[in-house]
Structure formats: structure tokens, C-alpha cells
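Trainee: Sharing a structure below in C-alpha cells format, with a few things to ask.
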Amino acid sequence: MSAQNAVTARYDRIARFYDLIDKPMDLMGVRRRRKRLLRQARDTTLEVGVGTGRNLGLYSENVELTGTDVSTNMLAKAQQVAATDRIHATFELAGVQQLPLGDGSLDSVTAACVFCSVADPVADPVAGLAEVARNVTAAGLDIIEVRRWGVWREIVARPLESTQDPT
Ligand SMILES: C[S@@+](CC[C@H](N)C(=O)[O-])C[C@H]1O[C@@H](n2cnc3c(N)ncnc32)[C@H](O)[C@@H]1O
């Protein structure tokens with residue numbers, strides 16, 4: 001089994017109780033940080049590693065959201081949340097290393113607690129961020145802000161040589 005398949009299988013297994021595990025983190029301040037990050041998303045937005053959809057209710061109403069993940073079971077939970085909370089979003093099974101989207105097709109890309117979960121913690125975040133950059137612009141990313149809070153890193157970036165909002 002490949003390392004990524006092992007990660008996917010792990011999330012497929014824990015999807016049922018992921019929210020229970022994650023809730024204490026939210027109560028310790030992660031939710032506030034999710035909100036601060038996600039409210040910056042605009043218009044056509046992709047959330048990579050959307051998981052069980054814990055962030056779906058945190059976007060502003062003008063956001064047209066697509067959520068991707070490698071775990072079918074996590075995505076199924078996200079779909080349930082969207083249906084229950086009447087949040088319009090579409091979902092696709094895809095890894096951040098190979099996103100099923102054309103260059104420049106997005107206004108914002110978000111990810112929360114994903115780059116620590118991918119199979120190869122060195123190569124995959126780089127490949128994933130390169131994919132994200134390609135979807136926003138082929139030019140790469142300009143880091144606007146990094147907030148540090150323990151192991152948590154809150155990164156706001158925007159395309160290089162762009163006048164778009166920093167998302
Ligand atoms: C810690 S959970 C975070 C879920 C959600 N973003 C949140 O904030 O609750 C990590 C998620 O990343 C997904 N994931 C792992 N490897 C991935 C990859 N290569 N591409 C996209 N998603 C991946 C997992 O399936 C899981 O849903």
C-alpha cells in the first residue's frame with residue numbers, strides 16, 4: 001500500500017468520529033483561527049482536504065465552494081453537513097498534488113490542517129502548494145502573512161504579480 005493510500009485509508013476509518021476528536025481543538029482556539037483565515041476567501045473557492053466539512057459554515061455567502069479530499073468517507077460527511085445546513089457546495093475526490101482544475105480557474109484556495117496530513121510531509125506540501133499556485137496563477141505564491149501558534153501556522157498568500165485580494 002502506498003503512503004498516500006495508507007493516509008486515505010486512515011481517514012476513511014476515522015471519518016465517523018473525526019468531529020469528536022477534532023472538537024477539543026476547536027474549543028482551544030482553532031475554530032477562531034479557521035474563521036479568521038476563511039473569511040478572506042472570495043468568489044470561486046476551492047477547499048483542499050475539506051474533510052468532514054467543519055469549515056463549510058465559516059465562508060461568506062458570496063463564496064462558490066468546491067471541496068476536495070482523498071477520503072470518500074470524509075467527503076460523504078461533508079456532503080451530509082452541506083445538505084443539513086443547506087450550504088451550496090460541490091465535492092470531488094482528489095488529492096492536493098493533482099487537482100482536477102485548469103490554470104487560473106479559482107479566486108481563492110483554502111486548506112486547514114491538511115499539509116500536516118498528507119503522506120510525505122516534505123514533498124507533498126510542496127507539490128500541493130505548487131498545484132494551488134497553478135490554479136490561482138502559474139506564477140507562484142507571495143506569502144503575505146504567517147501567524148505562529150504552537151505547531152499551528154496560519155499562512156495567507158496571494159499570486160505573485162497580482163492585484164487580487166490576499167486569499
Ligand atoms: C486533519 S484532516 C482536516 C480536515 C479539514 N480540513 C478540517 O479542517 O477539519 C486532514 C484531511 O486531509 C485529507 N488529506 C490527506 N491527504 C490528502 C491529500 N493528499 N490531498 C487532499 N486531502 C488529503 C484527509 O483525508 C483529511 O480529510
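Going by the C-alpha cells order, chains are called A, B, ..., each with residues numbered from 1, while ligands are numbered from 1 in the order shown.
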Please identify the residues whose atoms come within 9 Å of ligand 1, using only C-alpha atoms and all ligand atoms, and report them as a PyMOL selection string.

Mentor: chain A and resi 4-5+7-12+15+18-19+22+34+47-55+68-75+93-99+110-120+124-125+128

Trainee: Run DSSP on the backbone and tell me which residues of chain A come out as strand (DSSP E); list them as a PyMOL selection string.

Mentor: chain A and resi 44-48+64-69+89-93+108-110+141-149+152-159

Trainee: Could you pull out all residues of chain A with a DSSP call of alpha helix (DSSP H) and give them as number ranges by chain?

Mentor: A: 3-14, 18-25, 31-38, 72-84, 123-136

Trainee: Would you mind exporting the chosen residues as a PDB file, in the first residue's frame, restricted to C-alpha atoms?

Mentor:
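Output below, filename selection.pdb:
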ATOM      1  CA  ALA A   3       1.952   6.028   1.812  1.00  0.00           C
ATOM      2  CA  GLN A   4      -0.881   8.152   0.400  1.00  0.00           C
ATOM      3  CA  ASN A   5      -3.205   5.140   0.274  1.00  0.00           C
ATOM      4  CA  ALA A   6      -2.399   4.486   3.925  1.00  0.00           C
ATOM      5  CA  VAL A   7      -3.306   8.088   4.813  1.00  0.00           C
ATOM      6  CA  THR A   8      -6.529   7.813   2.812  1.00  0.00           C
ATOM      7  CA  ALA A   9      -7.432   4.524   4.499  1.00  0.00           C
ATOM      8  CA  ARG A  10      -6.784   6.075   7.922  1.00  0.00           C
ATOM      9  CA  TYR A  11      -9.172   8.955   7.232  1.00  0.00           C
ATOM     10  CA  ASP A  12     -11.733   6.568   5.751  1.00  0.00           C
ATOM     11  CA  ARG A  13     -11.568   4.637   9.039  1.00  0.00           C
ATOM     12  CA  ILE A  14     -11.822   7.635  11.383  1.00  0.00           C
ATOM     13  CA  TYR A  18     -13.320  12.658  13.336  1.00  0.00           C
ATOM     14  CA  ASP A  19     -15.539  15.528  14.530  1.00  0.00           C
ATOM     15  CA  LEU A  20     -15.434  14.170  18.074  1.00  0.00           C
ATOM     16  CA  ILE A  21     -11.636  14.051  18.010  1.00  0.00           C
ATOM     17  CA  ASP A  22     -11.347  17.498  16.480  1.00  0.00           C
ATOM     18  CA  LYS A  23     -13.855  19.332  18.665  1.00  0.00           C
ATOM     19  CA  PRO A  24     -11.478  19.901  21.625  1.00  0.00           C
ATOM     20  CA  MET A  25      -9.017  21.567  19.213  1.00  0.00           C
ATOM     21  CA  ARG A  31     -12.154  27.480  15.329  1.00  0.00           C
ATOM     22  CA  ARG A  32     -11.418  31.165  15.851  1.00  0.00           C
ATOM     23  CA  ARG A  33      -8.334  30.775  13.654  1.00  0.00           C
ATOM     24  CA  ARG A  34     -10.283  28.873  10.984  1.00  0.00           C
ATOM     25  CA  LYS A  35     -12.791  31.730  10.853  1.00  0.00           C
ATOM     26  CA  ARG A  36     -10.099  34.400  10.553  1.00  0.00           C
ATOM     27  CA  LEU A  37      -8.492  32.551   7.664  1.00  0.00           C
ATOM     28  CA  LEU A  38     -11.602  31.506   5.771  1.00  0.00           C
ATOM     29  CA  THR A  72     -14.542   9.057   0.312  1.00  0.00           C
ATOM     30  CA  ASN A  73     -15.853   8.716   3.851  1.00  0.00           C
ATOM     31  CA  MET A  74     -14.696  12.185   4.934  1.00  0.00           C
ATOM     32  CA  LEU A  75     -16.265  13.656   1.786  1.00  0.00           C
ATOM     33  CA  ALA A  76     -19.528  11.826   2.473  1.00  0.00           C
ATOM     34  CA  LYS A  77     -19.680  13.517   5.896  1.00  0.00           C
ATOM     35  CA  ALA A  78     -19.019  16.904   4.284  1.00  0.00           C
ATOM     36  CA  GLN A  79     -21.847  16.281   1.832  1.00  0.00           C
ATOM     37  CA  GLN A  80     -24.157  15.477   4.739  1.00  0.00           C
ATOM     38  CA  VAL A  81     -23.194  18.730   6.503  1.00  0.00           C
ATOM     39  CA  ALA A  82     -23.827  20.734   3.323  1.00  0.00           C
ATOM     40  CA  ALA A  83     -27.239  19.097   2.855  1.00  0.00           C
ATOM     41  CA  THR A  84     -28.276  19.514   6.521  1.00  0.00           C
ATOM     42  CA  ALA A 123       7.419  16.556  -0.780  1.00  0.00           C
ATOM     43  CA  ASP A 124       3.610  16.583  -0.711  1.00  0.00           C
ATOM     44  CA  PRO A 125       3.084  20.050   0.801  1.00  0.00           C
ATOM     45  CA  VAL A 126       5.442  21.470  -1.843  1.00  0.00           C
ATOM     46  CA  ALA A 127       3.653  19.602  -4.654  1.00  0.00           C
ATOM     47  CA  GLY A 128       0.292  20.591  -3.166  1.00  0.00           C
ATOM     48  CA  LEU A 129       1.161  24.256  -2.826  1.00  0.00           C
ATOM     49  CA  ALA A 130       2.528  24.261  -6.391  1.00  0.00           C
ATOM     50  CA  GLU A 131      -0.830  22.881  -7.537  1.00  0.00           C
ATOM     51  CA  VAL A 132      -2.669  25.547  -5.580  1.00  0.00           C
ATOM     52  CA  ALA A 133      -0.429  28.213  -7.127  1.00  0.00           C
ATOM     53  CA  ARG A 134      -1.161  26.849 -10.646  1.00  0.00           C
ATOM     54  CA  ASN A 135      -4.859  27.076 -10.011  1.00  0.00           C
ATOM     55  CA  VAL A 136      -4.661  30.667  -8.910  1.00  0.00           C
TER      56      VAL A 136
END

Trainee: Between atom CA of A:Asp107 and atom CA of A:Trp152, what is the distance, to one decimal in Å?

Mentor: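 So the answer is 24.4 Å.
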
Trainee: Using only C-alpha atoms, which of A:Leu141, A:Gln40, A:Leu46, A:Glu154 sits nearest A:Leu58?

Mentor: A:Gln40

Trainee: Looking at only C-alpha atoms, which of A:Ser108, A:Met28, A:Ser60, A:Gly67 is the one that sits closest to A:Thr44?

Mentor: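 Of all the options, A:Ser108 lies closest to A:Thr44.
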
Trainee: Applying 7 Å and only C-alpha atoms, which residues near A:Ala89 remain after dropping the ones on its own chain fewer than 3 positions away? List them as a list of chain:residue names.

Mentor: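 The residues satisfying every condition are A:Glu64, A:Leu65, A:Thr66, A:Ala82.
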
Trainee: Can you write just those residues out, C-alpha atoms, as an mmCIF file, in the first residue's frame?

Mentor:
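Contents of result17.cif, freshly written:
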data_model
loop_
_atom_site.group_PDB
_atom_site.id
_atom_site.type_symbol
_atom_site.label_atom_id
_atom_site.label_comp_id
_atom_site.auth_asym_id
_atom_site.auth_seq_id
_atom_site.Cartn_x
_atom_site.Cartn_y
_atom_site.Cartn_z
ATOM 1 C CA GLU A 64 -18.948 29.430 -4.520
ATOM 2 C CA LEU A 65 -17.239 26.468 -2.918
ATOM 3 C CA THR A 66 -15.771 23.219 -4.181
ATOM 4 C CA ALA A 82 -23.827 20.734 3.323
#
